[in-house]
file my_file23.txt (compact mmCIF, C-alpha atoms and all ligand atoms)
# COMPACT_ATOMS: atom_id res chain seq x y z
CA MET A 59 152.86 110.84 86.50
CA THR A 60 156.38 109.42 86.58
CA PRO A 61 156.96 106.84 83.84
CA PHE A 62 158.93 103.70 84.61
CA VAL A 63 161.90 103.39 82.26
CA LYS A 64 163.68 100.11 81.55
CA ALA A 65 166.92 100.30 79.56
CA PHE A 66 168.36 97.57 77.34
CA PHE A 67 172.02 98.14 76.51
CA ASP A 68 173.55 96.63 73.36
CA GLU A 69 177.26 96.45 73.94
CA ALA A 70 177.99 95.54 70.30
CA THR A 71 176.85 98.98 69.13
CA PHE A 72 176.82 100.91 72.44
CA THR A 73 173.11 101.58 71.87
CA VAL A 74 170.58 102.03 74.64
CA SER A 75 167.04 100.94 73.78
CA TYR A 76 164.30 101.97 76.18
CA LEU A 77 160.97 100.64 77.23
CA VAL A 78 158.91 103.37 78.89
CA ARG A 79 155.76 102.28 80.65
CA GLU A 80 152.97 103.62 82.79
CA PRO A 81 153.80 103.43 86.50
CA GLU A 82 150.49 101.63 86.97
CA GLY A 83 148.90 100.24 83.86
CA ARG A 84 149.98 98.20 80.87
CA ALA A 85 150.72 100.76 78.16
CA CYS A 86 154.29 101.16 76.98
CA ALA A 87 156.49 102.38 74.14
CA ILE A 88 159.80 101.03 72.88
CA ILE A 89 162.40 103.54 71.77
CA ASP A 90 165.35 102.84 69.44
CA SER A 91 165.37 99.06 69.33
CA VAL A 92 168.26 97.04 67.89
CA LEU A 93 168.32 94.23 65.33
CA ASP A 94 171.63 92.42 65.79
CA TYR A 95 173.73 92.22 62.65
CA ASP A 96 176.88 90.26 61.90
CA GLN A 97 178.52 92.34 59.19
CA ALA A 98 181.10 89.73 58.21
CA ALA A 99 178.47 87.05 57.67
CA GLY A 100 175.67 89.34 56.44
CA ARG A 101 173.43 87.71 59.04
CA THR A 102 170.74 89.22 61.25
CA ASP A 103 169.81 87.96 64.70
CA THR A 104 166.95 88.92 66.98
CA SER A 105 168.51 88.17 70.39
CA SER A 106 168.43 91.80 71.54
CA ALA A 107 164.88 92.37 70.34
CA ASP A 108 163.74 89.05 71.81
CA GLU A 109 164.92 90.22 75.23
CA ILE A 110 162.54 93.19 74.94
CA ILE A 111 159.73 90.93 73.73
CA ARG A 112 160.27 88.68 76.74
CA TYR A 113 160.09 91.67 79.07
CA VAL A 114 156.85 92.88 77.46
CA ARG A 115 155.24 89.44 77.72
CA ASP A 116 156.48 88.71 81.25
CA ASN A 117 154.98 92.00 82.43
CA ASP A 118 151.83 91.68 80.33
CA LEU A 119 152.43 95.08 78.70
CA LYS A 120 150.69 96.59 75.71
CA VAL A 121 153.00 98.23 73.16
CA GLU A 122 151.42 101.34 71.70
CA TRP A 123 154.43 102.95 70.03
CA LEU A 124 157.75 101.94 68.51
CA LEU A 125 159.61 105.23 68.41
CA GLU A 126 162.78 106.05 66.50
CA SER A 127 164.78 109.09 67.55
CA HIS A 128 166.36 109.19 64.07
CA VAL A 129 167.76 107.11 61.21
CA HIS A 130 170.59 105.44 63.06
CA ALA A 131 173.92 104.94 61.35
CA ASP A 132 175.40 102.45 63.80
CA HIS A 133 172.76 99.77 64.29
CA LEU A 134 169.78 98.30 62.49
CA SER A 135 166.33 99.01 63.91
CA ALA A 136 164.20 96.08 65.06
CA ALA A 137 160.98 98.14 64.94
CA PRO A 138 159.22 96.11 62.20
CA TYR A 139 160.18 92.83 63.87
CA LEU A 140 158.85 94.08 67.22
CA GLN A 141 155.71 95.38 65.54
CA GLY A 142 155.07 91.93 64.06
CA GLN A 143 155.42 90.31 67.48
CA LEU A 144 153.88 92.95 69.73
CA GLY A 145 151.95 95.49 67.66
CA GLY A 146 152.30 99.25 68.07
CA LYS A 147 152.83 102.09 65.62
CA ILE A 148 156.26 103.04 64.27
CA GLY A 149 157.04 106.75 64.52
CA ILE A 150 159.92 108.98 63.39
CA GLY A 151 160.50 112.65 62.53
CA HIS A 152 158.91 114.03 59.34
CA ASN A 153 162.33 115.05 58.04
CA ILE A 154 162.92 111.37 57.37
CA THR A 155 162.02 112.43 53.82
CA VAL A 156 165.18 114.57 53.67
CA VAL A 157 167.24 111.62 54.89
CA GLN A 158 165.57 109.29 52.40
CA ASP A 159 166.29 111.69 49.59
CA THR A 160 169.97 112.04 50.56
CA PHE A 161 170.63 108.33 51.01
CA GLY A 162 168.34 107.27 48.19
CA LYS A 163 170.93 109.00 46.00
CA VAL A 164 173.96 107.64 47.85
CA PHE A 165 172.67 104.08 47.42
CA ASN A 166 171.33 104.73 43.91
CA GLU A 167 167.91 103.41 44.85
CA GLY A 168 165.28 103.05 42.14
CA THR A 169 161.83 104.62 42.15
CA GLU A 170 160.48 101.64 44.12
CA PHE A 171 162.20 103.18 47.16
CA GLN A 172 159.62 105.69 48.35
CA ARG A 173 161.08 108.90 49.73
CA ASP A 174 157.88 110.11 51.37
CA GLY A 175 158.21 108.47 54.79
CA SER A 176 155.40 106.04 53.97
CA GLN A 177 157.36 103.15 55.52
CA PHE A 178 156.42 104.61 58.94
CA ASP A 179 153.03 104.76 60.64
CA LYS A 180 153.51 108.27 62.01
CA LEU A 181 155.72 111.20 61.03
CA PHE A 182 156.07 113.60 63.96
CA THR A 183 156.71 117.34 63.79
CA GLN A 184 157.74 119.92 66.37
CA GLY A 185 155.00 120.42 68.96
CA ASP A 186 153.13 117.19 68.24
CA SER A 187 151.89 115.30 71.24
CA PHE A 188 150.81 111.69 71.62
CA HIS A 189 149.75 109.31 74.36
CA ILE A 190 151.03 106.08 75.78
CA GLY A 191 148.07 104.98 77.90
CA GLN A 192 147.63 107.83 80.40
CA MET A 193 151.10 109.27 79.76
CA ARG A 194 151.62 112.24 77.50
CA GLY A 195 154.49 112.48 75.06
CA ASP A 196 155.67 115.72 73.44
CA VAL A 197 157.85 115.97 70.37
CA LEU A 198 160.81 118.30 70.06
CA GLU A 199 162.63 118.48 66.76
CA THR A 200 166.32 118.36 67.64
CA PRO A 201 168.27 118.12 64.36
CA GLY A 202 172.03 118.54 63.96
CA HIS A 203 173.33 114.98 64.24
CA THR A 204 170.89 114.23 61.39
CA PRO A 205 168.09 116.34 59.86
CA ALA A 206 165.32 114.11 61.26
CA CYS A 207 166.41 113.79 64.90
CA LEU A 208 163.67 114.04 67.51
CA THR A 209 163.57 114.19 71.28
CA TYR A 210 160.57 112.50 72.85
CA VAL A 211 159.57 114.09 76.15
CA ILE A 212 157.34 111.63 77.98
CA GLU A 213 156.15 113.25 81.21
CA ASP A 214 159.40 113.94 83.15
CA ALA A 215 161.61 111.77 80.91
CA ALA A 216 163.35 113.08 77.78
CA PHE A 217 164.66 110.54 75.28
CA VAL A 218 167.22 112.62 73.45
CA GLY A 219 168.60 110.11 70.94
CA ASP A 220 171.96 111.30 69.62
CA THR A 221 172.16 114.92 70.75
CA LEU A 222 173.56 115.06 74.24
CA PHE A 223 175.39 112.04 75.62
CA MET A 224 176.36 111.62 79.27
CA PRO A 225 177.87 114.87 80.64
CA ASP A 226 181.38 113.37 80.77
CA PHE A 227 181.20 112.24 77.13
CA GLY A 228 179.58 115.33 75.63
CA THR A 229 177.57 115.44 72.42
CA ALA A 230 176.86 113.57 69.18
CA ARG A 231 178.87 113.92 65.99
CA CYS A 232 177.52 116.20 63.27
CA ASP A 233 179.47 115.13 60.20
CA PHE A 234 177.04 112.75 58.51
CA PRO A 235 175.34 114.07 55.35
CA GLY A 236 172.78 116.67 56.46
CA GLY A 237 174.41 117.12 59.88
CA SER A 238 175.37 120.50 61.32
CA SER A 239 177.11 121.46 64.55
CA GLU A 240 175.42 124.90 64.58
CA THR A 241 172.05 123.21 64.31
CA LEU A 242 172.91 120.66 67.02
CA TYR A 243 173.88 123.50 69.36
CA GLN A 244 170.46 125.16 68.88
CA SER A 245 168.69 121.83 69.37
CA ILE A 246 170.54 121.18 72.60
CA GLN A 247 169.54 124.62 73.89
CA LYS A 248 165.95 123.58 73.26
CA ILE A 249 166.42 120.45 75.39
CA LEU A 250 168.09 122.49 78.12
CA THR A 251 165.00 124.70 78.48
CA LEU A 252 163.18 121.73 80.02
CA PRO A 253 162.97 121.79 83.85
CA ASP A 254 166.29 121.00 85.56
CA ASP A 255 164.96 117.82 87.14
CA THR A 256 163.83 116.37 83.79
CA ARG A 257 165.39 112.97 83.42
CA ILE A 258 167.50 112.61 80.27
CA PHE A 259 167.98 109.19 78.68
CA VAL A 260 170.76 109.15 76.07
CA GLY A 261 170.88 107.04 72.91
CA HIS A 262 174.40 105.71 73.32
CA ASP A 263 177.12 105.40 75.89
CA TYR A 264 180.79 104.68 75.29
CA LYS A 265 182.06 105.06 78.88
CA ALA A 266 184.34 108.07 79.37
CA PRO A 267 187.76 108.94 80.76
CA GLY A 268 187.66 108.04 84.45
CA ARG A 269 184.40 106.10 84.13
CA ASP A 270 184.60 102.37 83.54
CA GLU A 271 180.88 101.59 83.63
CA PHE A 272 178.22 102.26 81.04
CA ALA A 273 175.67 104.90 82.03
CA TRP A 274 172.69 106.45 80.25
CA GLU A 275 170.55 108.44 82.68
CA THR A 276 171.21 112.02 83.70
CA THR A 277 169.19 115.25 84.09
CA VAL A 278 168.85 118.60 82.39
CA GLY A 279 170.42 120.27 85.44
CA GLU A 280 173.46 117.98 85.31
CA GLN A 281 173.90 118.59 81.60
CA LYS A 282 173.79 122.36 82.05
CA ALA A 283 176.39 122.22 84.81
CA LEU A 284 178.67 119.43 83.70
CA ASN A 285 178.46 118.59 80.00
CA ILE A 286 182.03 118.78 78.76
CA HIS A 287 181.04 120.11 75.34
CA ILE A 288 178.19 122.44 76.11
CA GLY A 289 177.87 122.93 79.88
CA GLN A 290 178.46 126.21 81.75
CA GLY A 291 176.82 128.14 78.92
CA ARG A 292 179.51 127.40 76.35
CA PRO A 293 179.06 129.80 73.42
CA ILE A 294 178.08 128.48 70.02
CA GLU A 295 181.34 129.52 68.30
CA GLU A 296 183.44 127.53 70.74
CA PHE A 297 181.17 124.52 70.48
CA VAL A 298 181.14 124.52 66.68
CA GLU A 299 184.91 124.81 66.46
CA MET A 300 185.41 121.98 68.97
CA ARG A 301 182.72 119.74 67.42
CA ASP A 302 183.89 120.14 63.82
CA ALA A 303 187.55 119.58 64.75
CA ARG A 304 186.66 116.46 66.70
CA ASP A 305 184.39 115.11 63.93
CA ALA A 306 187.23 115.40 61.43
CA THR A 307 189.11 112.76 63.45
CA LEU A 308 186.29 110.20 63.67
CA SER A 309 185.99 107.19 61.41
CA MET A 310 182.64 106.00 60.05
CA PRO A 311 180.59 103.71 62.31
CA ARG A 312 181.23 100.03 61.60
CA LEU A 313 177.64 99.36 60.50
CA ILE A 314 176.83 102.62 58.72
CA LEU A 315 176.23 101.10 55.26
CA PRO A 316 173.78 98.36 56.29
CA SER A 317 172.20 100.58 58.97
CA LEU A 318 171.29 103.43 56.64
CA GLN A 319 169.91 101.16 53.94
CA VAL A 320 167.70 99.31 56.39
CA ASN A 321 166.71 102.17 58.69
CA MET A 322 165.73 104.57 55.91
CA ARG A 323 163.20 101.84 55.00
CA GLY A 324 161.76 101.89 58.49
CA GLY A 325 163.96 98.97 59.58
CA ARG A 326 163.12 96.74 56.61
CA MET A 327 165.48 95.06 54.18
CA PRO A 328 165.42 96.05 50.49
CA GLU A 329 163.00 94.08 48.31
CA PRO A 330 164.23 90.55 47.52
CA ASP A 331 165.30 89.65 43.97
CA GLU A 332 163.46 87.12 41.75
CA GLN A 333 165.01 84.25 43.71
CA GLY A 334 163.84 85.75 46.98
CA ASP A 335 167.36 86.70 48.04
CA VAL A 336 168.08 90.00 49.76
CA PHE A 337 171.16 92.14 49.11
CA LEU A 338 172.63 95.31 50.57
CA LYS A 339 174.89 97.63 48.61
CA VAL A 340 178.37 98.96 49.28
CA PRO A 341 178.77 102.29 47.47
CA ILE A 342 182.47 102.91 46.87
CA ASN A 343 184.02 106.23 47.94
CA LYS A 344 180.64 107.80 48.59
CA LEU A 345 180.75 108.44 52.33
FE FE B 1 172.86 108.27 65.50

call {"tool": "encode", "arguments": {"input": "my_file23.txt", "output": "structure tokens"}}
result
Amino acid sequence: MTPFVKAFFDEATFTVSYLVREPEGRACAIIDSVLDYDQAAGRTDTSSADEIIRYVRDNDLKVEWLLESHVHADHLSAAPYLQGQLGGKIGIGHNITVVQDTFGKVFNEGTEFQRDGSQFDKLFTQGDSFHIGQMRGDVLETPGHTPACLTYVIEDAAFVGDTLFMPDFGTARCDFPGGSSETLYQSIQKILTLPDDTRIFVGHDYKAPGRDEFAWETTVGEQKALNIHIGQGRPIEEFVEMRDARDATLSMPRLILPSLQVNMRGGRMPEPDEQGDVFLKVPINKL
């Protein structure tokens, strides 16, 4: 069975959200959705998510899963908003607990912030499988960018989150707390053991030198041959040296502080205060 994949690109954060559906049938899953956020105003907006909702309703689809590849640091997840409108279960990797523990400390959260992953409906581990209608999904743990990163392999389509990007852009950064370039290298090798014609759908695209259009679909075979960071069997030592040197030059993503606080809660805002107002924190000199 070959799933039909519809991409939704958010140019504000360079994020690709995906809707993967049965070729014939109504079942679908939504992967890595975006809640728009105006940092300067502290204001959320559901335009991007509403576009997905429109697509689901226009095509009379049934959402079974809202999948997160990881706790994103560059955009807020719209999973709970989509769940309220469309249903479906929210899933993420079981190592979300590690991420919650790390950032629970960074943001000095109280005990009301549960660090057990209970904000999600399903915590996946390596080797788990699940269904979207008649389609089968398999879970690969692919940490390195973060400890909880997963790749969802749905029939012939691998949703790799932030591991590999397009071959001409390379790979994801590994310098967030809990990240590791050695670990990312091993995770990518795991992805590259999939059949060469496996379709790969990446979590972000930033264009690349010599390419002036956004792109997000490639294959395992193309990655093995052409990925500028890891193709042609690049050895781990070379990759780690290149990745760590490059990461040292990168600034933090624009929305990292709001993104982490919301996404570690499964895409929900912190509890409101007595007046019903919601606040996010800015820890100083912590990241
Ligand atoms: Fe990410």

call {"tool": "residues_around", "arguments": {"input": "my_file23.txt", "residues": "A:Arg231", "least_positions_apart": "2", "cutoff": "10 Å", "atoms": "only C-alpha atoms", "output": "PyMOL selection string"}}
result
chain A and resi 202-204+220-222+228-229+233-234+237-239+242+301-302+304-306+308

call {"tool": "residues_around", "arguments": {"input": "my_file23.txt", "residues": "A:Asp226", "least_positions_apart": "5", "cutoff": "10 Å", "atoms": "all atoms listed in the file", "output": "count of residues only"}}
result
10

call {"tool": "closest_atom_pairs", "arguments": {"input": "my_file23.txt", "of": "stretch 159-268 of chain A", "to": "stretch 127-143 of chain A", "cutoff": "10 Å", "atoms": "only C-alpha atoms", "output": "JSON lines"}}
result
{"residue": "A:Gln177", "atom": "CA", "partner": "A:Pro138", "partner_atom": "CA", "distance": 9.9}
{"residue": "A:Phe178", "atom": "CA", "partner": "A:Pro138", "partner_atom": "CA", "distance": 9.5}
{"residue": "A:Glu199", "atom": "CA", "partner": "A:Ser127", "partner_atom": "CA", "distance": 9.7}
{"residue": "A:Thr200", "atom": "CA", "partner": "A:Ser127", "partner_atom": "CA", "distance": 9.4}
{"residue": "A:Pro201", "atom": "CA", "partner": "A:His128", "partner_atom": "CA", "distance": 9.1}
{"residue": "A:His203", "atom": "CA", "partner": "A:His128", "partner_atom": "CA", "distance": 9.1}
{"residue": "A:Thr204", "atom": "CA", "partner": "A:His128", "partner_atom": "CA", "distance": 7.3}
{"residue": "A:Pro205", "atom": "CA", "partner": "A:His128", "partner_atom": "CA", "distance": 8.5}
{"residue": "A:Ala206", "atom": "CA", "partner": "A:His128", "partner_atom": "CA", "distance": 5.8}
{"residue": "A:Cys207", "atom": "CA", "partner": "A:His128", "partner_atom": "CA", "distance": 4.7}
{"residue": "A:Leu208", "atom": "CA", "partner": "A:Ser127", "partner_atom": "CA", "distance": 5.1}
{"residue": "A:Thr209", "atom": "CA", "partner": "A:Ser127", "partner_atom": "CA", "distance": 6.4}
{"residue": "A:Tyr210", "atom": "CA", "partner": "A:Ser127", "partner_atom": "CA", "distance": 7.6}
{"residue": "A:Phe217", "atom": "CA", "partner": "A:Ser127", "partner_atom": "CA", "distance": 7.9}
{"residue": "A:Val218", "atom": "CA", "partner": "A:Ser127", "partner_atom": "CA", "distance": 7.3}
{"residue": "A:Gly219", "atom": "CA", "partner": "A:Ser127", "partner_atom": "CA", "distance": 5.2}
{"residue": "A:Asp220", "atom": "CA", "partner": "A:Ser127", "partner_atom": "CA", "distance": 7.8}
{"residue": "A:Thr221", "atom": "CA", "partner": "A:Ser127", "partner_atom": "CA", "distance": 9.9}
{"residue": "A:Phe234", "atom": "CA", "partner": "A:Ala131", "partner_atom": "CA", "distance": 8.9}
{"residue": "A:Gly261", "atom": "CA", "partner": "A:Ser127", "partner_atom": "CA", "distance": 8.4}

call {"tool": "closest_residue", "arguments": {"input": "my_file23.txt", "among": "A:Ile154, A:Asp335, A:Val298, A:Thr60", "to": "A:Val211", "atoms": "only C-alpha atoms"}}
result
A:Thr60

call {"tool": "closest_residue", "arguments": {"input": "my_file23.txt", "among": "A:Met327, A:Leu313, A:Val278, A:Leu124", "to": "ligand FE 1 (chain B)", "atoms": "all atoms listed in the file"}}
result
A:Leu313

call {"tool": "residues_around", "arguments": {"input": "my_file23.txt", "residues": "A:Glu213", "least_positions_apart": "4", "cutoff": "7 Å", "atoms": "all atoms listed in the file", "output": "ChimeraX atom specification"}}
result
/A:59-61,193-195

call {"tool": "residues_around", "arguments": {"input": "my_file23.txt", "residues": "A:Thr160", "least_positions_apart": "6", "cutoff": "10 Å", "atoms": "all atoms listed in the file", "output": "short mmCIF file (atom, residue, chain, number, x, y, z; two decimals) with C-alpha atoms, keeping the file's coordinate frame"}}
result
data_model
loop_
_atom_site.label_atom_id
_atom_site.label_comp_id
_atom_site.auth_asym_id
_atom_site.auth_seq_id
_atom_site.Cartn_x
_atom_site.Cartn_y
_atom_site.Cartn_z
CA ILE A 154 162.92 111.37 57.37
CA ASN A 166 171.33 104.73 43.91
CA ARG A 173 161.08 108.90 49.73
CA PRO A 235 175.34 114.07 55.35
CA GLY A 236 172.78 116.67 56.46
#

call {"tool": "closest_residue", "arguments": {"input": "my_file23.txt", "among": "A:Gly279, A:Pro293, A:Gly162, A:Pro311", "to": "A:Pro341", "atoms": "all atoms listed in the file"}}
result
A:Gly162

call {"tool": "atom_distance", "arguments": {"input": "my_file23.txt", "atom1": "atom CA of A:Ile258", "atom2": "atom CA of A:Ala87"}}
result
16.2 Å

call {"tool": "closest_residue", "arguments": {"input": "my_file23.txt", "among": "A:Gly324, A:Gly191, A:Gly168, A:Gly146", "to": "A:Arg79", "atoms": "all atoms listed in the file"}}
result
A:Gly191

call {"tool": "residues_around", "arguments": {"input": "my_file23.txt", "residues": "stretch 103-116 of chain A", "least_positions_apart": "6", "cutoff": "9 Å", "atoms": "only C-alpha atoms", "output": "list in words"}}
result
Phe66, Phe67, Asp68, Leu77, Cys86, Ile88, Ser91, Val92, Leu93, Asp94, Tyr95, Asp96, Ala136, Ala137, Tyr139, Leu140, Gln143 and Leu144 of chain A

call {"tool": "closest_residue", "arguments": {"input": "my_file23.txt", "among": "A:Ile148, A:Ile288, A:Val74, A:Ala98", "to": "ligand FE 1 (chain B)", "atoms": "all atoms listed in the file"}}
result
A:Val74

call {"tool": "atom_distance", "arguments": {"input": "my_file23.txt", "atom1": "atom CA of A:Cys232", "atom2": "atom CA of A:Asp196"}}
result
24.1 Å

call {"tool": "atom_distance", "arguments": {"input": "my_file23.txt", "atom1": "atom CA of A:Glu299", "atom2": "atom CA of A:His262"}}
result
22.9 Å

call {"tool": "closest_residue", "arguments": {"input": "my_file23.txt", "among": "A:Ser245, A:Gln290, A:Thr71, A:Gln158", "to": "ligand FE 1 (chain B)", "atoms": "only C-alpha atoms and all ligand atoms"}}
result
A:Thr71

call {"tool": "residues_near_point", "arguments": {"input": "my_file23.txt", "point": "(164.9, 126.5, 70.8)", "cutoff": "12 Å", "atoms": "all atoms listed in the file", "output": "PyMOL selection string"}}
result
chain A and resi 184-185+198-201+241-252

call {"tool": "write_last_selection", "arguments": {"input": "my_file23.txt", "atoms": "C-alpha atoms", "output": "CSV table (one decimal), in the frame of the given file"}}
result
chain,number,residue,atom,x,y,z
A,184,GLN,CA,157.7,119.9,66.4
A,185,GLY,CA,155.0,120.4,69.0
A,198,LEU,CA,160.8,118.3,70.1
A,199,GLU,CA,162.6,118.5,66.8
A,200,THR,CA,166.3,118.4,67.6
A,201,PRO,CA,168.3,118.1,64.4
A,241,THR,CA,172.0,123.2,64.3
A,242,LEU,CA,172.9,120.7,67.0
A,243,TYR,CA,173.9,123.5,69.4
A,244,GLN,CA,170.5,125.2,68.9
A,245,SER,CA,168.7,121.8,69.4
A,246,ILE,CA,170.5,121.2,72.6
A,247,GLN,CA,169.5,124.6,73.9
A,248,LYS,CA,166.0,123.6,73.3
A,249,ILE,CA,166.4,120.4,75.4
A,250,LEU,CA,168.1,122.5,78.1
A,251,THR,CA,165.0,124.7,78.5
A,252,LEU,CA,163.2,121.7,80.0

call {"tool": "decode", "arguments": {"input": "my_file23.txt", "residues": "stretch 325-333 of chain A", "atoms": "all heavy atoms", "output": "PDB file, in the first residue's frame"}}
result
ATOM      1  N   GLY A 325       2.009  20.480  23.692  1.00  0.00           N
ATOM      2  CA  GLY A 325       1.438  21.544  22.860  1.00  0.00           C
ATOM      3  C   GLY A 325       0.434  22.410  23.614  1.00  0.00           C
ATOM      4  O   GLY A 325      -0.326  23.157  22.999  1.00  0.00           O
ATOM      5  N   ARG A 326       0.444  22.289  24.949  1.00  0.00           N
ATOM      6  CA  ARG A 326      -0.489  23.114  25.745  1.00  0.00           C
ATOM      7  C   ARG A 326       0.278  24.225  26.454  1.00  0.00           C
ATOM      8  O   ARG A 326       1.445  24.076  26.785  1.00  0.00           O
ATOM      9  CB  ARG A 326      -1.220  22.258  26.780  1.00  0.00           C
ATOM     10  CG  ARG A 326      -2.141  21.241  26.128  1.00  0.00           C
ATOM     11  CD  ARG A 326      -2.759  20.281  27.136  1.00  0.00           C
ATOM     12  NE  ARG A 326      -3.322  19.137  26.425  1.00  0.00           N
ATOM     13  CZ  ARG A 326      -2.639  18.050  26.091  1.00  0.00           C
ATOM     14  NH1 ARG A 326      -1.377  17.919  26.430  1.00  0.00           N
ATOM     15  NH2 ARG A 326      -3.222  17.072  25.419  1.00  0.00           N
ATOM     16  N   MET A 327      -0.449  25.314  26.718  1.00  0.00           N
ATOM     17  CA  MET A 327       0.133  26.422  27.472  1.00  0.00           C
ATOM     18  C   MET A 327       0.240  26.014  28.949  1.00  0.00           C
ATOM     19  O   MET A 327      -0.486  25.145  29.412  1.00  0.00           O
ATOM     20  CB  MET A 327      -0.766  27.657  27.355  1.00  0.00           C
ATOM     21  CG  MET A 327      -0.777  28.267  25.973  1.00  0.00           C
ATOM     22  SD  MET A 327       0.806  29.095  25.653  1.00  0.00           S
ATOM     23  CE  MET A 327       0.716  29.235  23.852  1.00  0.00           C
ATOM     24  N   PRO A 328       1.127  26.695  29.700  1.00  0.00           N
ATOM     25  CA  PRO A 328       1.135  26.476  31.156  1.00  0.00           C
ATOM     26  C   PRO A 328      -0.236  26.823  31.746  1.00  0.00           C
ATOM     27  O   PRO A 328      -1.017  27.555  31.138  1.00  0.00           O
ATOM     28  CB  PRO A 328       2.195  27.467  31.650  1.00  0.00           C
ATOM     29  CG  PRO A 328       3.038  27.789  30.456  1.00  0.00           C
ATOM     30  CD  PRO A 328       2.129  27.666  29.270  1.00  0.00           C
ATOM     31  N   GLU A 329      -0.493  26.317  32.941  1.00  0.00           N
ATOM     32  CA  GLU A 329      -1.753  26.614  33.634  1.00  0.00           C
ATOM     33  C   GLU A 329      -1.924  28.120  33.803  1.00  0.00           C
ATOM     34  O   GLU A 329      -0.959  28.819  34.118  1.00  0.00           O
ATOM     35  CB  GLU A 329      -1.750  25.964  35.025  1.00  0.00           C
ATOM     36  CG  GLU A 329      -1.869  24.450  34.995  1.00  0.00           C
ATOM     37  CD  GLU A 329      -3.170  23.977  34.356  1.00  0.00           C
ATOM     38  OE1 GLU A 329      -4.238  24.480  34.759  1.00  0.00           O
ATOM     39  OE2 GLU A 329      -3.115  23.140  33.440  1.00  0.00           O
ATOM     40  N   PRO A 330      -3.156  28.630  33.637  1.00  0.00           N
ATOM     41  CA  PRO A 330      -3.390  30.057  33.852  1.00  0.00           C
ATOM     42  C   PRO A 330      -3.272  30.432  35.332  1.00  0.00           C
ATOM     43  O   PRO A 330      -3.390  29.562  36.199  1.00  0.00           O
ATOM     44  CB  PRO A 330      -4.837  30.255  33.371  1.00  0.00           C
ATOM     45  CG  PRO A 330      -5.427  28.911  33.204  1.00  0.00           C
ATOM     46  CD  PRO A 330      -4.335  27.895  33.186  1.00  0.00           C
ATOM     47  N   ASP A 331      -3.024  31.713  35.612  1.00  0.00           N
ATOM     48  CA  ASP A 331      -2.991  32.172  37.005  1.00  0.00           C
ATOM     49  C   ASP A 331      -4.424  32.373  37.515  1.00  0.00           C
ATOM     50  O   ASP A 331      -5.390  32.050  36.833  1.00  0.00           O
ATOM     51  CB  ASP A 331      -2.132  33.435  37.130  1.00  0.00           C
ATOM     52  CG  ASP A 331      -2.789  34.663  36.508  1.00  0.00           C
ATOM     53  OD1 ASP A 331      -3.939  34.551  36.013  1.00  0.00           O
ATOM     54  OD2 ASP A 331      -2.161  35.740  36.513  1.00  0.00           O
ATOM     55  N   GLU A 332      -4.556  32.944  38.715  1.00  0.00           N
ATOM     56  CA  GLU A 332      -5.883  33.087  39.346  1.00  0.00           C
ATOM     57  C   GLU A 332      -6.820  33.933  38.494  1.00  0.00           C
ATOM     58  O   GLU A 332      -8.036  33.756  38.514  1.00  0.00           O
ATOM     59  CB  GLU A 332      -5.788  33.735  40.741  1.00  0.00           C
ATOM     60  CG  GLU A 332      -4.701  33.169  41.659  1.00  0.00           C
ATOM     61  CD  GLU A 332      -3.315  33.699  41.307  1.00  0.00           C
ATOM     62  OE1 GLU A 332      -3.121  34.933  41.371  1.00  0.00           O
ATOM     63  OE2 GLU A 332      -2.428  32.889  40.948  1.00  0.00           O
ATOM     64  N   GLN A 333      -6.231  34.872  37.733  1.00  0.00           N
ATOM     65  CA  GLN A 333      -7.066  35.730  36.869  1.00  0.00           C
ATOM     66  C   GLN A 333      -7.425  35.038  35.549  1.00  0.00           C
ATOM     67  O   GLN A 333      -8.137  35.607  34.737  1.00  0.00           O
ATOM     68  CB  GLN A 333      -6.319  37.026  36.518  1.00  0.00           C
ATOM     69  CG  GLN A 333      -6.568  38.173  37.477  1.00  0.00           C
ATOM     70  CD  GLN A 333      -5.793  37.968  38.776  1.00  0.00           C
ATOM     71  OE1 GLN A 333      -6.395  37.687  39.801  1.00  0.00           O
ATOM     72  NE2 GLN A 333      -4.480  38.076  38.725  1.00  0.00           N
TER      73      GLN A 333
END
